[in-house]
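Undergrad: I'd like to ask you about the structure that follows.
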2 protein chains.
Amino acid sequence: MKQRAAVVGAAQSRFGDYPTMSIKELFLEAYLAALAELPSGFDPQQFQVMYLGTLGCGGFQLGQAGPTLAGYAGLPQLPCIRVENACASGGFAFAQAVAAVESGSCDLAIAAGVEKMTDLSKSERKLWLGVSGDTEYERLAGMTFAGIYAMMAQRYLHDYNVDRKYLSCVAVKNHLYGSYNDKAQFRSAVDLETALKGMMVAAPLNIFDCSSIADGGAVSFIAGEKLARELTGKPVWVRGVGMGCDYVALHDRESLTGLRASRDAAARAFATAHLAPADIEIAEVHDCFSIAEIMAYEDIGFAPKGLGWKLLADHETYREGRIPVNLSGGLKAKGHPLGATGVAQVAEIVHQLRGDIADERRRAHQPSIGLTHNVGGSGGSAVVSILGLEA
Amino acid sequence: MKQRAAVVGAAQSRFGDYPTMSIKELFLEAYLAALAELPSGFDPQQFQVMYLGTLGCGGFQLGQAGPTLAGYAGLPQLPCIRVENACASGGFAFAQAVAAVESGSCDLAIAAGVEKMTDLSKSERKLWLGVSGDTEYERLAGMTFAGIYAMMAQRYLHDYNVDRKYLSCVAVKNHLYGSYNDKAQFRSAVDLETALKGMMVAAPLNIFDCSSIADGGAVSFIAGEKLARELTGKPVWVRGVGMGCDYVALHDRESLTGLRASRDAAARAFATAHLAPADIEIAEVHDCFSIAEIMAYEDIGFAPKGLGWKLLADHETYREGRIPVNLSGGLKAKGHPLGATGVAQVAEIVHQLRGDIADERRRAHQPSIGLTHNVGGSGGSAVVSILGLEA
């Protein structure tokens with residue numbers, strides 16, 4: 001590493017169903033919001049590279065989305081690279097931007113993510129979600145994406161003899177915090193009784209266990225140490241980033257009840273940061289389905305194997321608990337516009353660390369170290385980033 | 001830069017129409033061929049990261065293609081990142097892998113590219129090619145991808161008062177060399193008279209002015225200085241890589257007769273390498289259409305503006321000329337499986353510099369410095385790499 005990297009600005013657009021907004025406008029809303037965090041005299045021509053995470057670029061109908069979006073934002077000659085690792089596209093774009101700055105090859109990079117999903121036809125939606133799992137042995141054999149996580153959930157509940165209500169506890173917690181987030185897709189709380197009785201999607205996962213499709217964009221700016229101090233009084237330092245991959249098809253994996261890609265990514269991020277799971281004071285984890293959040297607790301190391309559900313039982317991942325998770329509402333309630341998700345997680349942690357979350361009901365108690373966890377599809381890839389205030 | 005990077009192995013699969021080969025098998029053929037260039041005791045678990053360039057991942061039906069392909073090749077836990085910048089996806093993947101090694105964040109990276117195109121339906125093919133241009137103002141308005149380059153060609157021939165036969169001279173040269181390349185899609189030479197009379201596609205571009213769709217894969221291995229010397233007796237050093245981007249829609253550009261993205265990419269690569277166009281002894285340039293090769297001569301700096309066609313008139317870009325270009329047959333004859341192209345260009349230059357091109361009729365005269373030039377779509381992005389033997 002030639003220099004430390006810090007996030008100096010980060011924001012997301014509203015997430016949800018925005019039929020009148022194009023993929024360009026979703027990106028622009030997030031870009032302008034992030035730009036508003038930089039000093040007023042800042043010249044956007046200072047940006048040197050952009051990594052853009054997006055799975056489908058708006059209906060798989062846009063090649064090289066990077067220059068298309070950058071040009072729309074007034075940066076036509078900015079070198080842009082699209083990064084795609086399914087639902088972890090945004091997280092991997094962030095990892096690449098951080099690497100570019102840390103290497104000294106540039107001093108100011110953009111990591112962005114965007115997705116436009118709500119205008120897809122039913123068959124397109126099915127394809128989009130299916131492509132994140134294995135194509136040959138899962139999607140083309142008729143497996144749905146919810147079905148893949150349902151198999152993991154069935155196995156988890158069986159192996160560790162866990163009550164199904166703890167899946168619903170994820171939905172209850174995340175919808176509660178989503179109800180306080182004015183950029184969230186779903187802003188209604190749900191009680192446990194309701195969450196348990198939702199329409200079945202793929203047993204044991206009902207509608208409250210599943211994130212929805214959404215439109216949205218997210219943008220973050222990463223600067224080298226010297227520039228970071230010029231651009232903000234409160235840089236959020238990147239302490240470590242880890243990437244992991246695994247077999248995409250479930251039947252090839254060593255276990256169904258956790259994601260090796262997540263474990264590898266977390267281990268690498270902790271090693272780089274010289275930190276341990278117990279040091280993390282706030283996290284945004286990839287809860288595309290309720291079971292995914294429980295597995296994330298265990299894969300990251302917040303809970304021992306088979307005991308992730310207990311953090312929910314004890315309210316340890318609520319705002320007042322030991323390790324608050326998904327105070328944004330998570331993918332579940334905030335929304336999951338695939339490519340935007342990983343970058344929006346970074347924006348959330350940055351704002352939590354800076355203490356500038358508007359609604360105190362979802363503002364953590366002055367954390368100084370946070371973590372983001374973004375998974376590609378059913379665990380074919382994952383990226384974990386650790387961010388912290390001045391040590 | 002923390003360490004120099006060198007290509008220590010590179011290969012392409014056969015390019016063409018391979019109905020019985022999947023995208024996995026195309027990748028594997030190239031991977032195994034590249035692996036055969038490493039010492040027999042080499043352990044593939046030494047690879048630390050893979051950047052995979054692909055536009056469509058086989059029908060836009062495969063998310064996170066990286067872990068899918070790596071798993072198939074026996075590297076399931078290798079961190080993989082898919083990179084997509086339309087037809088320059090492979091070139092950008094190579095740029096990212098080089099950056100990862102140069103930064104010291106890893107010592108051995110894979111840059112790969114793959115595309116499976118020949119099994120697409122007619123409407124899918126149209127979409128695939130269209131996505132590389134602008135969607136909003138070009139594709140959805142009815143413009144074809146050949147039509148976009150046809151507009152550039154019309155303007156070029158008009159502005160510089162050039163005879164249309166020089167477009168055909170590109171086809172004649174590249175088909176000649178393609179006929180000597182046993183991995184090329186088209187292995188028949190064509191004479192000028194025939195090339196001039198091809199079926200019209202989009203005036204002035206006829207069928208001989210257009211590259212075709214193809215299946216194919218390409219793989220290269222990039223190592224840090226110390227490891228490179230252990231893995232090969234003839235490392236090919238990366239002297240400089242440059243990226244450029246521009247407006248995707250033609251109507252926004254400052255000129256139709258050249259690509260600013262190419263000029264910016266070339267200028268950055270030359271600046272990093274401390275070299276000038278006159279130092280280049282062999283090149284592979286992006287001839288998706290005949291006009292593209294002529295514009296490339298000018299954008300890279302092999303010829304002054306408006307005089308690129310003259311290099312063809314004088315046979316300067318033939319094997320015996322001052323700067324041999326596309327001795328592989330180029331995209332035109334070797335084939336253009338989009339994501340594979342940029343990495344296959346690297347493989348060609350590596351083999352030319354090492355002097356291990358089997359057929360001497362297309363083997364350059366002991367060049368020591370070569371260049372690759374890979375364009376995204378109609379010029380929304382471009383990447384130029386300069387490679388050289390031991391200085």
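Here, A, B, ... name the chains of the structure tokens in the order displayed, residue numbers run from 1 inside each chain, and ligands are numbered from 1 in the same displayed order.
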Under the rule of at most 7 Å, produce a per-residue listing of chain A near chain B: chain, number, name, the closest pair of atoms, and the distance in Å, as CSV, using only C-alpha atoms.

TA:
```
residue,atom,partner,partner_atom,distance
A:Phe60,CA,B:Phe60,CA,6.9
A:Gln61,CA,B:Val131,CA,5.7
A:Leu62,CA,B:Val131,CA,4.8
A:Gly63,CA,B:Val131,CA,4.7
A:Gln64,CA,B:Asn85,CA,4.2
A:Pro67,CA,B:Gly380,CA,6.2
A:Thr68,CA,B:Val248,CA,5.9
A:Gly71,CA,B:Tyr247,CA,5.7
A:Pro76,CA,B:Asp246,CA,5.1
A:Gln77,CA,B:Asp246,CA,4.7
A:Leu78,CA,B:Cys245,CA,6.0
A:Pro79,CA,B:Cys245,CA,5.1
A:Cys80,CA,B:Cys245,CA,6.8
A:Ile81,CA,B:Asn85,CA,6.3
A:Arg82,CA,B:Glu84,CA,5.2
A:Val83,CA,B:Val83,CA,4.8
A:Glu84,CA,B:Arg82,CA,5.2
A:Asn85,CA,B:Gln64,CA,4.2
A:Ala86,CA,B:Gly63,CA,5.1
A:Ser103,CA,B:Ser103,CA,5.0
A:Val131,CA,B:Gly63,CA,4.7
A:Ser132,CA,B:Gly63,CA,4.8
A:Thr135,CA,B:Leu62,CA,6.4
A:Met243,CA,B:Pro79,CA,6.1
A:Gly244,CA,B:Pro79,CA,5.2
A:Cys245,CA,B:Gln77,CA,4.8
A:Asp246,CA,B:Gln77,CA,4.7
A:Tyr247,CA,B:Pro76,CA,5.3
A:Val248,CA,B:Thr68,CA,5.9
A:Gly380,CA,B:Pro67,CA,6.2
```

Undergrad: Mind fitting chain A onto chain B over all Cα atoms in sequence order and sending the result as a compact mmCIF listing (two decimals) with C-alpha atoms, in the first residue's frame?

TA:
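Output (out_6.txt):
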```txt
# COMPACT_ATOMS: atom_id res chain seq x y z
CA MET A 1 4.22 1.34 -8.73
CA LYS A 2 5.61 -1.11 -6.19
CA GLN A 3 6.88 -3.67 -8.67
CA ARG A 4 7.10 -4.21 -12.41
CA ALA A 5 4.64 -6.62 -13.97
CA ALA A 6 5.29 -9.10 -16.75
CA VAL A 7 3.16 -11.44 -18.81
CA VAL A 8 4.42 -14.94 -18.11
CA GLY A 9 1.90 -16.94 -20.12
CA ALA A 10 -0.84 -16.11 -22.61
CA ALA A 11 -3.03 -17.95 -25.08
CA GLN A 12 -6.32 -17.89 -26.89
CA SER A 13 -8.74 -20.65 -27.76
CA ARG A 14 -9.68 -21.21 -31.36
CA PHE A 15 -11.98 -18.38 -32.45
CA GLY A 16 -15.04 -19.08 -34.58
CA ASP A 17 -18.29 -20.96 -34.59
CA TYR A 18 -18.12 -23.76 -32.03
CA PRO A 19 -21.68 -24.93 -31.42
CA THR A 20 -20.66 -27.81 -29.16
CA MET A 21 -18.49 -25.70 -26.86
CA SER A 22 -19.93 -23.87 -23.86
CA ILE A 23 -18.56 -20.60 -22.50
CA LYS A 24 -16.87 -22.70 -19.79
CA GLU A 25 -15.09 -24.85 -22.35
CA LEU A 26 -13.96 -21.87 -24.42
CA PHE A 27 -12.42 -20.38 -21.29
CA LEU A 28 -10.86 -23.69 -20.30
CA GLU A 29 -9.25 -24.22 -23.71
CA ALA A 30 -7.50 -20.85 -23.42
CA TYR A 31 -6.62 -21.34 -19.74
CA LEU A 32 -5.01 -24.73 -20.32
CA ALA A 33 -3.07 -23.42 -23.32
CA ALA A 34 -1.71 -20.53 -21.23
CA LEU A 35 -0.96 -22.89 -18.34
CA ALA A 36 1.14 -25.02 -20.71
CA GLU A 37 3.54 -22.07 -20.99
CA LEU A 38 4.35 -22.21 -17.26
CA PRO A 39 6.85 -24.68 -15.75
CA SER A 40 5.49 -28.19 -15.26
CA GLY A 41 5.70 -27.99 -11.46
CA PHE A 42 3.59 -24.84 -11.26
CA ASP A 43 0.66 -25.02 -8.84
CA PRO A 44 -2.42 -23.09 -10.09
CA GLN A 45 -3.35 -22.42 -6.45
CA GLN A 46 -0.66 -19.72 -6.64
CA PHE A 47 -3.04 -17.53 -8.66
CA GLN A 48 -4.35 -14.79 -6.39
CA VAL A 49 -7.02 -12.99 -8.39
CA MET A 50 -8.75 -13.16 -11.77
CA TYR A 51 -10.20 -10.32 -13.80
CA LEU A 52 -12.61 -11.62 -16.42
CA GLY A 53 -13.73 -9.49 -19.36
CA THR A 54 -17.00 -10.46 -21.01
CA LEU A 55 -19.81 -8.40 -22.47
CA GLY A 56 -22.63 -10.90 -22.36
CA CYS A 57 -21.43 -13.95 -20.40
CA GLY A 58 -23.14 -16.17 -22.96
CA GLY A 59 -26.51 -14.63 -23.72
CA PHE A 60 -26.64 -12.23 -20.77
CA GLN A 61 -27.64 -15.32 -18.82
CA LEU A 62 -24.82 -15.68 -16.35
CA GLY A 63 -24.13 -13.44 -13.37
CA GLN A 64 -20.71 -13.39 -11.70
CA ALA A 65 -19.17 -15.39 -14.53
CA GLY A 66 -15.79 -15.17 -12.78
CA PRO A 67 -16.35 -17.76 -10.05
CA THR A 68 -18.40 -19.88 -12.45
CA LEU A 69 -15.50 -20.20 -14.89
CA ALA A 70 -12.78 -20.35 -12.23
CA GLY A 71 -14.63 -23.14 -10.45
CA TYR A 72 -14.83 -25.07 -13.73
CA ALA A 73 -11.07 -24.71 -14.10
CA GLY A 74 -10.42 -26.04 -10.59
CA LEU A 75 -9.97 -22.66 -8.87
CA PRO A 76 -13.29 -22.29 -6.98
CA GLN A 77 -12.02 -19.99 -4.25
CA LEU A 78 -9.99 -17.66 -6.44
CA PRO A 79 -11.26 -14.08 -6.00
CA CYS A 80 -12.71 -13.12 -9.38
CA ILE A 81 -14.03 -9.84 -10.68
CA ARG A 82 -15.94 -9.51 -13.92
CA VAL A 83 -15.08 -6.39 -15.90
CA GLU A 84 -17.30 -5.11 -18.71
CA ASN A 85 -16.60 -2.22 -21.04
CA ALA A 86 -18.32 -3.55 -24.17
CA CYS A 87 -15.80 -4.81 -26.78
CA ALA A 88 -12.92 -3.53 -24.62
CA SER A 89 -13.86 -5.75 -21.66
CA GLY A 90 -10.80 -7.95 -22.16
CA GLY A 91 -8.42 -5.02 -22.46
CA PHE A 92 -9.78 -3.44 -19.29
CA ALA A 93 -9.56 -6.78 -17.47
CA PHE A 94 -5.87 -6.91 -18.46
CA ALA A 95 -5.38 -3.34 -17.22
CA GLN A 96 -6.91 -4.23 -13.86
CA ALA A 97 -4.79 -7.36 -13.47
CA VAL A 98 -1.63 -5.39 -14.29
CA ALA A 99 -2.60 -2.71 -11.75
CA ALA A 100 -3.17 -5.35 -9.06
CA VAL A 101 0.32 -6.78 -9.61
CA GLU A 102 2.09 -3.43 -9.99
CA SER A 103 0.53 -2.22 -6.73
CA GLY A 104 2.04 -5.19 -4.91
CA SER A 105 -1.38 -6.26 -3.66
CA CYS A 106 -0.72 -9.55 -5.43
CA ASP A 107 2.11 -11.28 -7.29
CA LEU A 108 0.22 -13.41 -9.77
CA ALA A 109 -3.02 -12.48 -11.50
CA ILE A 110 -5.10 -13.87 -14.32
CA ALA A 111 -6.60 -11.60 -16.98
CA ALA A 112 -9.11 -13.45 -19.08
CA GLY A 113 -11.83 -12.77 -21.61
CA VAL A 114 -14.53 -14.92 -23.12
CA GLU A 115 -17.60 -14.67 -25.28
CA LYS A 116 -20.13 -17.13 -26.66
CA MET A 117 -22.04 -15.45 -29.46
CA THR A 118 -22.87 -17.82 -32.29
CA ASP A 119 -25.79 -19.47 -30.57
CA LEU A 120 -27.70 -16.23 -30.08
CA SER A 121 -30.96 -15.65 -31.86
CA LYS A 122 -31.09 -12.95 -34.52
CA SER A 123 -32.79 -10.48 -32.19
CA GLU A 124 -30.31 -11.24 -29.42
CA ARG A 125 -27.41 -10.60 -31.79
CA LYS A 126 -28.87 -7.27 -32.75
CA LEU A 127 -29.25 -6.30 -29.09
CA TRP A 128 -25.74 -7.46 -28.23
CA LEU A 129 -24.10 -5.37 -30.87
CA GLY A 130 -26.41 -2.45 -30.26
CA VAL A 131 -25.61 -2.23 -26.56
CA SER A 132 -22.05 -1.28 -27.42
CA GLY A 133 -23.22 1.99 -28.93
CA ASP A 134 -25.53 4.48 -27.32
CA THR A 135 -28.89 3.02 -26.36
CA GLU A 136 -31.08 6.07 -25.99
CA TYR A 137 -30.14 8.04 -29.10
CA GLU A 138 -28.74 5.33 -31.38
CA ARG A 139 -29.95 1.76 -30.83
CA LEU A 140 -33.53 2.55 -29.85
CA ALA A 141 -33.70 5.04 -32.74
CA GLY A 142 -32.96 2.19 -35.15
CA MET A 143 -29.23 2.61 -35.69
CA THR A 144 -27.26 -0.61 -36.18
CA PHE A 145 -23.74 -1.01 -34.87
CA ALA A 146 -22.33 -1.27 -38.41
CA GLY A 147 -24.28 1.89 -39.18
CA ILE A 148 -22.42 3.79 -36.47
CA TYR A 149 -19.02 2.93 -37.94
CA ALA A 150 -20.41 3.56 -41.43
CA MET A 151 -21.13 7.16 -40.42
CA MET A 152 -17.55 7.53 -39.23
CA ALA A 153 -16.28 6.02 -42.47
CA GLN A 154 -18.43 8.31 -44.65
CA ARG A 155 -17.19 11.34 -42.79
CA TYR A 156 -13.57 10.20 -42.93
CA LEU A 157 -13.62 9.50 -46.67
CA HIS A 158 -15.28 12.86 -47.25
CA ASP A 159 -13.16 15.03 -44.95
CA TYR A 160 -9.83 13.65 -46.15
CA ASN A 161 -10.85 12.91 -49.73
CA VAL A 162 -9.83 9.28 -49.48
CA ASP A 163 -10.61 6.53 -51.98
CA ARG A 164 -12.91 3.88 -50.56
CA LYS A 165 -10.53 1.18 -51.75
CA TYR A 166 -8.29 1.82 -48.74
CA LEU A 167 -11.00 0.47 -46.49
CA SER A 168 -10.82 -2.74 -48.49
CA CYS A 169 -7.04 -2.73 -48.16
CA VAL A 170 -7.54 -3.35 -44.44
CA ALA A 171 -9.63 -6.41 -45.22
CA VAL A 172 -7.09 -7.69 -47.77
CA LYS A 173 -4.17 -7.36 -45.34
CA ASN A 174 -5.94 -8.85 -42.36
CA HIS A 175 -7.49 -11.76 -44.23
CA LEU A 176 -4.05 -12.54 -45.66
CA TYR A 177 -2.57 -12.89 -42.17
CA GLY A 178 -5.66 -14.63 -40.85
CA SER A 179 -5.12 -17.27 -43.50
CA TYR A 180 -1.81 -18.12 -41.77
CA ASN A 181 -3.27 -18.26 -38.24
CA ASP A 182 -4.55 -21.68 -37.23
CA LYS A 183 -6.70 -20.18 -34.44
CA ALA A 184 -8.40 -17.63 -36.70
CA GLN A 185 -12.09 -17.70 -37.53
CA PHE A 186 -11.56 -16.95 -41.26
CA ARG A 187 -8.60 -18.62 -42.92
CA SER A 188 -9.04 -17.55 -46.54
CA ALA A 189 -7.22 -14.67 -48.18
CA VAL A 190 -9.26 -12.24 -50.24
CA ASP A 191 -8.10 -10.06 -53.14
CA LEU A 192 -8.85 -6.37 -53.50
CA GLU A 193 -11.35 -6.84 -56.31
CA THR A 194 -13.40 -9.27 -54.24
CA ALA A 195 -13.14 -7.14 -51.11
CA LEU A 196 -14.46 -4.13 -53.02
CA LYS A 197 -17.50 -6.02 -54.27
CA GLY A 198 -18.71 -7.54 -51.02
CA MET A 199 -22.38 -7.43 -50.08
CA MET A 200 -23.23 -4.00 -48.70
CA VAL A 201 -23.92 -3.89 -44.95
CA ALA A 202 -24.07 -0.15 -44.20
CA ALA A 203 -22.62 2.10 -46.89
CA PRO A 204 -19.70 2.41 -47.39
CA LEU A 205 -19.01 -0.71 -45.30
CA ASN A 206 -19.54 -4.02 -47.05
CA ILE A 207 -19.28 -7.50 -45.59
CA PHE A 208 -15.48 -7.51 -45.95
CA ASP A 209 -15.25 -4.31 -43.92
CA CYS A 210 -17.00 -5.86 -40.91
CA SER A 211 -15.77 -8.29 -38.29
CA SER A 212 -18.07 -11.19 -37.57
CA ILE A 213 -19.50 -12.62 -34.38
CA ALA A 214 -17.55 -15.47 -32.85
CA ASP A 215 -17.06 -17.79 -29.91
CA GLY A 216 -13.74 -17.69 -28.11
CA GLY A 217 -11.69 -17.26 -24.96
CA ALA A 218 -8.30 -15.82 -24.08
CA VAL A 219 -6.19 -15.95 -20.94
CA SER A 220 -3.00 -14.24 -19.76
CA PHE A 221 -0.99 -14.54 -16.56
CA ILE A 222 0.64 -11.45 -15.07
CA ALA A 223 3.38 -11.78 -12.44
CA GLY A 224 5.46 -9.47 -10.31
CA GLU A 225 9.11 -9.06 -11.21
CA LYS A 226 10.63 -11.69 -8.93
CA LEU A 227 8.04 -14.37 -9.64
CA ALA A 228 8.08 -13.59 -13.36
CA ARG A 229 11.76 -14.51 -13.56
CA GLU A 230 11.06 -17.79 -11.77
CA LEU A 231 8.18 -18.71 -14.05
CA THR A 232 9.68 -17.95 -17.44
CA GLY A 233 12.99 -17.36 -19.13
CA LYS A 234 11.38 -14.76 -21.35
CA PRO A 235 9.07 -12.45 -19.41
CA VAL A 236 7.26 -9.85 -21.49
CA TRP A 237 7.21 -6.68 -19.42
CA VAL A 238 4.27 -4.34 -19.20
CA ARG A 239 5.76 -0.97 -20.04
CA GLY A 240 2.58 1.09 -19.81
CA VAL A 241 -1.19 0.82 -19.82
CA GLY A 242 -3.57 3.70 -20.57
CA MET A 243 -7.32 3.94 -20.36
CA GLY A 244 -9.62 6.48 -21.98
CA CYS A 245 -13.34 7.17 -22.16
CA ASP A 246 -15.58 9.48 -24.12
CA TYR A 247 -19.25 10.21 -24.79
CA VAL A 248 -20.88 7.00 -25.98
CA ALA A 249 -23.27 8.71 -28.41
CA LEU A 250 -21.60 9.96 -31.61
CA HIS A 251 -23.54 13.21 -31.69
CA ASP A 252 -21.88 14.34 -28.45
CA ARG A 253 -18.34 13.83 -29.73
CA GLU A 254 -16.01 16.55 -30.93
CA SER A 255 -15.21 14.61 -34.12
CA LEU A 256 -16.46 11.58 -36.07
CA THR A 257 -13.16 10.77 -37.75
CA GLY A 258 -11.21 9.56 -34.77
CA LEU A 259 -11.75 8.30 -31.23
CA ARG A 260 -10.77 10.55 -28.38
CA ALA A 261 -10.87 7.57 -26.00
CA SER A 262 -8.15 5.92 -28.10
CA ARG A 263 -6.05 9.07 -28.21
CA ASP A 264 -6.28 9.56 -24.44
CA ALA A 265 -5.52 5.89 -23.76
CA ALA A 266 -2.52 5.92 -26.11
CA ALA A 267 -1.16 9.16 -24.69
CA ARG A 268 -1.35 7.78 -21.14
CA ALA A 269 0.28 4.48 -22.11
CA PHE A 270 3.13 6.24 -23.93
CA ALA A 271 3.65 8.64 -21.03
CA THR A 272 3.90 5.77 -18.53
CA ALA A 273 6.24 3.82 -20.80
CA HIS A 274 8.35 6.89 -21.67
CA LEU A 275 8.00 5.85 -25.29
CA ALA A 276 6.61 7.36 -28.50
CA PRO A 277 4.62 5.85 -31.37
CA ALA A 278 7.82 5.59 -33.43
CA ASP A 279 9.23 3.17 -30.84
CA ILE A 280 6.51 0.58 -31.45
CA GLU A 281 7.63 -2.29 -33.66
CA ILE A 282 4.42 -4.31 -33.84
CA ALA A 283 0.79 -3.69 -32.92
CA GLU A 284 -2.60 -5.33 -32.64
CA VAL A 285 -5.31 -2.70 -33.11
CA HIS A 286 -9.08 -2.82 -32.84
CA ASP A 287 -10.33 -3.36 -36.42
CA CYS A 288 -13.94 -4.22 -35.67
CA PHE A 289 -14.60 -2.45 -38.96
CA SER A 290 -12.03 -1.53 -41.61
CA ILE A 291 -12.38 2.19 -40.89
CA ALA A 292 -11.54 1.49 -37.25
CA GLU A 293 -8.05 0.25 -38.15
CA ILE A 294 -7.32 3.39 -40.19
CA MET A 295 -8.55 5.65 -37.37
CA ALA A 296 -6.45 3.60 -34.93
CA TYR A 297 -3.28 4.34 -36.92
CA GLU A 298 -3.99 8.04 -36.47
CA ASP A 299 -5.28 7.97 -32.89
CA ILE A 300 -2.28 5.96 -31.67
CA GLY A 301 0.13 8.15 -33.63
CA PHE A 302 1.46 5.79 -36.29
CA ALA A 303 0.26 8.27 -38.94
CA PRO A 304 -0.76 11.95 -38.99
CA LYS A 305 -4.45 12.80 -38.97
CA GLY A 306 -6.09 12.05 -42.29
CA LEU A 307 -3.15 10.01 -43.58
CA GLY A 308 -3.72 6.65 -41.93
CA TRP A 309 -4.88 5.16 -45.22
CA LYS A 310 -1.44 5.88 -46.66
CA LEU A 311 0.19 3.28 -44.41
CA LEU A 312 -1.90 0.74 -46.29
CA ALA A 313 -1.12 2.25 -49.67
CA ASP A 314 2.60 1.94 -48.84
CA HIS A 315 2.30 -1.50 -47.20
CA GLU A 316 3.81 0.00 -44.04
CA THR A 317 1.55 -2.10 -41.80
CA TYR A 318 2.37 -5.38 -43.52
CA ARG A 319 4.88 -7.78 -41.99
CA GLU A 320 7.70 -6.24 -44.00
CA GLY A 321 6.67 -2.65 -43.32
CA ARG A 322 7.66 -0.09 -40.76
CA ILE A 323 4.98 -1.01 -38.22
CA PRO A 324 3.27 -4.37 -38.80
CA VAL A 325 -0.34 -4.29 -37.59
CA ASN A 326 -2.67 -7.19 -36.95
CA LEU A 327 -0.43 -10.02 -38.11
CA SER A 328 -2.89 -12.24 -36.24
CA GLY A 329 -5.55 -11.39 -38.80
CA GLY A 330 -7.08 -8.86 -36.43
CA LEU A 331 -10.67 -8.81 -35.30
CA LYS A 332 -11.55 -8.93 -38.99
CA ALA A 333 -10.13 -12.37 -39.78
CA LYS A 334 -8.96 -13.86 -36.50
CA GLY A 335 -12.45 -13.21 -35.11
CA HIS A 336 -13.97 -10.94 -32.49
CA PRO A 337 -15.50 -12.75 -29.53
CA LEU A 338 -15.96 -9.43 -27.76
CA GLY A 339 -14.63 -9.97 -24.23
CA ALA A 340 -11.84 -12.26 -25.45
CA THR A 341 -10.44 -9.81 -27.98
CA GLY A 342 -8.37 -7.55 -25.72
CA VAL A 343 -6.71 -10.48 -23.99
CA ALA A 344 -6.10 -12.30 -27.29
CA GLN A 345 -4.33 -9.17 -28.55
CA VAL A 346 -2.00 -9.40 -25.55
CA ALA A 347 -1.37 -13.10 -26.27
CA GLU A 348 -0.52 -12.29 -29.90
CA ILE A 349 1.96 -9.54 -29.00
CA VAL A 350 3.55 -11.72 -26.30
CA HIS A 351 4.10 -14.50 -28.81
CA GLN A 352 5.41 -12.12 -31.46
CA LEU A 353 7.89 -10.59 -29.00
CA ARG A 354 9.04 -14.04 -27.90
CA GLY A 355 9.36 -15.08 -31.53
CA ASP A 356 7.23 -18.14 -31.08
CA ILE A 357 4.66 -17.66 -33.80
CA ALA A 358 4.60 -20.99 -35.64
CA ASP A 359 3.91 -19.75 -39.16
CA GLU A 360 6.77 -17.53 -40.31
CA ARG A 361 4.57 -15.88 -42.94
CA ARG A 362 2.94 -13.90 -40.15
CA ARG A 363 5.89 -13.75 -37.73
CA ALA A 364 7.32 -10.26 -37.30
CA HIS A 365 11.06 -9.63 -37.66
CA GLN A 366 12.21 -9.89 -34.02
CA PRO A 367 10.32 -6.93 -32.58
CA SER A 368 11.14 -5.95 -29.01
CA ILE A 369 8.30 -3.53 -28.26
CA GLY A 370 4.65 -4.07 -29.12
CA LEU A 371 1.30 -2.41 -28.51
CA THR A 372 -2.30 -3.51 -28.12
CA HIS A 373 -5.32 -1.25 -28.72
CA ASN A 374 -8.81 -2.35 -27.68
CA VAL A 375 -11.93 -0.22 -28.16
CA GLY A 376 -15.24 -0.41 -26.31
CA GLY A 377 -18.12 -0.24 -28.77
CA SER A 378 -17.93 2.80 -31.00
CA GLY A 379 -15.30 4.48 -28.83
CA GLY A 380 -16.99 5.05 -25.49
CA SER A 381 -13.90 3.49 -23.95
CA ALA A 382 -10.46 2.31 -25.04
CA VAL A 383 -7.36 0.80 -23.51
CA VAL A 384 -3.82 0.72 -24.89
CA SER A 385 -1.04 -1.46 -23.50
CA ILE A 386 2.63 -1.39 -24.36
CA LEU A 387 4.65 -4.56 -23.86
CA GLY A 388 8.36 -5.11 -24.26
CA LEU A 389 11.21 -7.58 -23.94
CA GLU A 390 13.99 -6.99 -21.43
CA ALA A 391 15.27 -3.47 -22.08
```

Undergrad: Run DSSP on the backbone and give me the residues of segment 83-223 of chain A it puts in strand (DSSP E or B), as a compact mmCIF listing (two decimals) with C-alpha atoms, in the first residue's frame.

TA:
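result_10.txt written:
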```txt
# COMPACT_ATOMS: atom_id res chain seq x y z
CA VAL A 83 -17.60 -4.22 -12.49
CA GLU A 84 -20.14 -7.04 -12.21
CA ASN A 85 -20.27 -9.74 -9.58
CA CYS A 87 -25.53 -8.60 -6.22
CA LEU A 108 -9.45 10.40 -6.11
CA ALA A 109 -11.76 7.67 -7.34
CA ILE A 110 -15.49 7.17 -7.62
CA ALA A 111 -17.13 3.89 -6.64
CA ALA A 112 -20.72 3.77 -7.78
CA GLY A 113 -23.53 1.29 -8.20
CA VAL A 114 -26.88 1.48 -9.91
CA GLU A 115 -29.77 -0.70 -10.92
CA MET A 200 -45.24 -18.22 1.25
CA VAL A 201 -42.62 -17.70 -1.47
CA ALA A 202 -40.36 -20.75 -1.10
CA LEU A 205 -39.24 -18.19 3.29
CA ASN A 206 -42.36 -16.07 3.10
CA CYS A 210 -37.39 -11.79 0.96
CA ASP A 215 -34.55 1.04 -8.56
CA GLY A 216 -31.66 2.96 -7.05
CA GLY A 217 -28.14 4.33 -7.22
CA ALA A 218 -25.30 4.91 -4.79
CA VAL A 219 -22.02 6.79 -5.06
CA SER A 220 -18.91 7.12 -2.89
CA PHE A 221 -15.71 9.11 -3.31
CA ILE A 222 -12.41 7.61 -2.17
CA ALA A 223 -9.35 9.83 -1.71
```
